[in-house]
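This report refers to the structure that appears directly beneath it.
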Amino acid sequence: MTAAATSSPTSAPRAAAAPQGGHYRFRSLNIGRIAIWSLFALALVLAPHIFTSSLALTMLSQIGYLIIICLSYNILLGQGGMLSFGHAVYTGLGSFITVHAINMAGRGELPIPLVLMPVVGGLAGAFFAVLLGFVTTRKSGTTFAMITLGIGELVASMALMFPEFFGGEGGITTDRVYGKGLFGITFGPAMQVYYLIAAYCFACTALMYAFTGTPLGRILNAVRDNPERVEFIGYNTQRVRWFAFTIAGFFAGVGGALAAINFEIVTGADSVSVVRSGGYLLFTFLGGAGFFFGPIIGAVLLVFASVLLSELSNAWLLYLGLVFLLMVMYAPGGIASLLMVNLRVARFGRMRELALPYLALAASGLLTVVGAAAMVEMTYHLQLNAAMGNELPFMGLVLDTRSSTAWLVAGALFALGALLLELSRRAFARRWGTIQEQIELQIKRAEAGA
């Protein structure tokens with residue numbers, strides 16, 4: 001399901017093919033794809049009934065619209081090779097337009113039900129993407145990234161210059177409950193809002209996957225890989241990037257509108273800031289920009305990091321940065337690439353041979369993380385919470401941050417874990433390389449026999 005190669009056109013050709021000998025031949029159904037999409041829909045429906053707490057419902061709602069936003073960003077990054085630092089501009093502007101539209105509808109000035117407000121946000125995102133994308137897509141590569149960064153900073157500064165539209169530092173509030181409810185659905189309860197988000201999440205995900213198989217989606221991949229050849233065969237690469245930029249802006253606006261409906265408030269400069277855009281970039285990359293389902297993983301990680309990890313530790317941004325650094329060094333394809341290469345090994349029946357090497361990596365890695373986290377948490381405690389005493393709760397233990405013993409034990413755990421991790425990594429790399437060579441040899445033999 002890569003954006004470039006394996007995101008094949010959606011299974012539209014279910015009808016009969018050209019007649020041969022007076023008979024029609026029907027293409028077989030793609031059972032695997034139907035099963036995946038059915039499981040995705042089932043997960044969206046059942047998730048709030050499995051995770052029943054109010055916190056879980058809030059997180060599920062955030063995951064729903066962030067999936068749309070991260071997938072829309074991946075149209076630029078994964079499919080088009082466009083590194084954008086200003087994607088939050090289109091999610092944020094979609095949110096602001098949606099909030100104003102909801103307020104107008106609540107006053108009876110705009111006859112649009114809440115269920116269609118995400119479309120309003122999408123059209124707003126597409127409108128601004130058409131205007132700003134015409135400028136940004138005239139260049140590619142580093143120049144494109146710098147232009148998007150500049151536009152992001154420009155719009156963020158405008159959020160403070162025009163408080164009538166952006167609401168200043170306090171933002172704009174709204175009330176999503178207006179008009180007459182249909183079949184008792186007022187979108188007041190959080191559960192009803194979740195299912196609205198889930199419906200748009202499924203529809204937008206399906207549409208963006210379908211886009212990967214369209215001629216525009218395919219030529220966008222070609223523009224990413226070899227723009228000179230695309231120009232040579234007669235395509236305008238700037239126009240291709242512009243069209244893709246507009247489509248990404250539409251889905252970003254839909255995600256921003258759903259966020260506004262969920263929280264009933266849109267803050268000022270924060271909603272369009274470069275920091276927000278950097279978050280979309282970071283977690284789309286961590287999920288796996290080269291695979292269609294990678295940004296979905298990234299959206300889940302983004303919610304867990306911003307909601308749970310930030311509550312567990314003041315040093316969560318440090319941990320996040322270290323994870324990003326390690327992923328860039330050892331798994332630049334993201335989590336999705338790790339899943340796919342291991343699925344390949346499992347498909348050839350070689351996964352059992354990696355059980356012990358993986359166990360050694362996990363054990364040594366856990367030891368390293370515990371030692372490093374203990375030192376980081378003690379450092380943060382001394383810097384930020386020294387007035388609360390010397391004792392620090394850590395993984396069921398109580399550490400004395402002023403005791404040299406605690407520091408020596410933490411340092412020894414880290415050093416021992418790092419040594420064992422390096423040894424197990426080398427052993428794993430050797431075993432992994434042998435298995436990959438044997439798999440390639442098996443594939444070549446099968447091709448020769450065919």
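Going through the structure tokens in order, the chains are called A, B, and so on, while each chain numbers its residues from 1 and the ligands are numbered from 1 in the order shown.
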
Listing only residues of stretch 44-146 of chain A within 10 Å of stretch 191-194 of chain A, what is the closest atom pair and its distance in Å (to one decimal) for each, using only C-alpha atoms, sorted by chain and residue number ascending, as a tab-separated table?
```
residue	atom	partner	partner_atom	distance
A:Leu44	CA	A:Tyr194	CA	9.3
A:Val45	CA	A:Tyr194	CA	9.6
A:Pro48	CA	A:Met191	CA	7.8
A:His49	CA	A:Met191	CA	10.0
A:Ser54	CA	A:Met191	CA	9.4
A:Leu57	CA	A:Met191	CA	7.4
A:Thr58	CA	A:Tyr194	CA	8.2
A:Met59	CA	A:Tyr194	CA	9.8
A:Leu60	CA	A:Tyr194	CA	7.4
A:Ser61	CA	A:Tyr194	CA	5.2
A:Gln62	CA	A:Tyr194	CA	8.9
A:Gly64	CA	A:Tyr194	CA	8.0
A:Tyr65	CA	A:Tyr194	CA	9.7
A:Val115	CA	A:Val193	CA	9.6
```

Considering only C-alpha atoms, give me a table of residues in stretch 229-293 of chain A that are at most 6 Å from stretch 148-166 of chain A, with the closest atom pair and distance in Å for each, as a tab-separated table.
```
residue	atom	partner	partner_atom	distance
A:Gly268	CA	A:Phe166	CA	5.5
A:Ala269	CA	A:Ala156	CA	4.9
A:Val272	CA	A:Ala156	CA	5.6
A:Ser273	CA	A:Ala156	CA	5.5
A:Val274	CA	A:Gly152	CA	5.9
```

Just to be explicit: take each residue in the selection above, keep C-alpha atoms, and write the result as a PDB file, in the first residue's frame.
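After the write, again-v6.pdb holds the following:
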```
ATOM      1  CA  GLY A 268      -5.675  32.131  17.415  1.00  0.00           C
ATOM      2  CA  ALA A 269      -2.100  31.797  16.248  1.00  0.00           C
ATOM      3  CA  VAL A 272      -2.086  27.953  12.168  1.00  0.00           C
ATOM      4  CA  SER A 273       1.375  27.904  13.735  1.00  0.00           C
ATOM      5  CA  VAL A 274       4.479  26.296  12.325  1.00  0.00           C
TER       6      VAL A 274
END
```

Point-to-point distance in Å for atom CA of A:Val240 and atom CA of A:Phe291: 20.6 Å

Residues within 12 Å of stretch 308-313 of chain A, only C-alpha atoms, excluding chain neighbours under 4 positions, as an MDAnalysis selection string: chainID A and resid 55:56 58:59 300:304 317:320 373:374 376:381 384 392:395

Separation of atom CA of A:Arg276 from atom CA of A:Arg239 in Å: 27.0 Å

Of the listed residues A:Leu361, A:Leu286, A:Ala199, A:Trp316, that which approaches A:Phe40 most closely, counting only C-alpha atoms: A:Ala199

Contact residues around A:Glu264 with only C-alpha atoms at 6 Å, ignoring same-chain residues under 3 positions, as a ChimeraX atom specification: /A:173-174,260-261

Please write the residues from the selection above to a file, keeping C-alpha atoms, as an mmCIF file, in the first residue's frame.
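out-v2.cif, freshly written:
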```
data_model
loop_
_atom_site.group_PDB
_atom_site.id
_atom_site.type_symbol
_atom_site.label_atom_id
_atom_site.label_comp_id
_atom_site.auth_asym_id
_atom_site.auth_seq_id
_atom_site.Cartn_x
_atom_site.Cartn_y
_atom_site.Cartn_z
ATOM 1 C CA THR A 173 -15.923 29.936 20.456
ATOM 2 C CA THR A 174 -19.100 28.403 19.106
ATOM 3 C CA ALA A 260 -13.562 22.852 15.625
ATOM 4 C CA ILE A 261 -16.826 20.933 16.005
#
```

Within 10 Å of A:Leu114 using only C-alpha atoms, minus same-chain residues under 5 positions, as an MDAnalysis selection string: chainID A and resid 98 101:102 105:106 119:120 176:179 181 186:187 196 261

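Going from atom CA of A:Gly279 to atom CA of A:Ile67 covers 12.9 Å.
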
Backbone-only DSSP, strand (DSSP E) members of stretch 188-419 of chain A, as number ranges by chain: A: 265-266, 391-394, 397-400

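Nearest-residue note for A:Phe243: choosing from A:Arg431, A:Arg138, A:Arg344, A:His87, the minimum distance belongs to A:Arg138, counting only C-alpha atoms.
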
Surrounding residues of A:Asn236 excluding itself and chain neighbours under 5 positions, 10 Å, only C-alpha atoms, as a PyMOL selection string: chain A and resi 223+227+230-231+241-242

Shell of 9 Å around A:Ala363, only C-alpha atoms, local chain residues under 5 positions omitted, as a VMD selection string: chain A and resid 358 368 417 420 to 421

Any chance you can output those residues with C-alpha atoms as a CSV table (one decimal), in the first residue's frame?
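File produced: out-v9.csv:
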```csv
chain,number,residue,atom,x,y,z
A,358,TYR,CA,13.9,-9.8,18.9
A,368,THR,CA,18.6,1.0,28.4
A,417,GLY,CA,21.7,-1.9,28.6
A,420,LEU,CA,23.9,-5.4,25.5
A,421,LEU,CA,21.7,-3.5,23.0
```
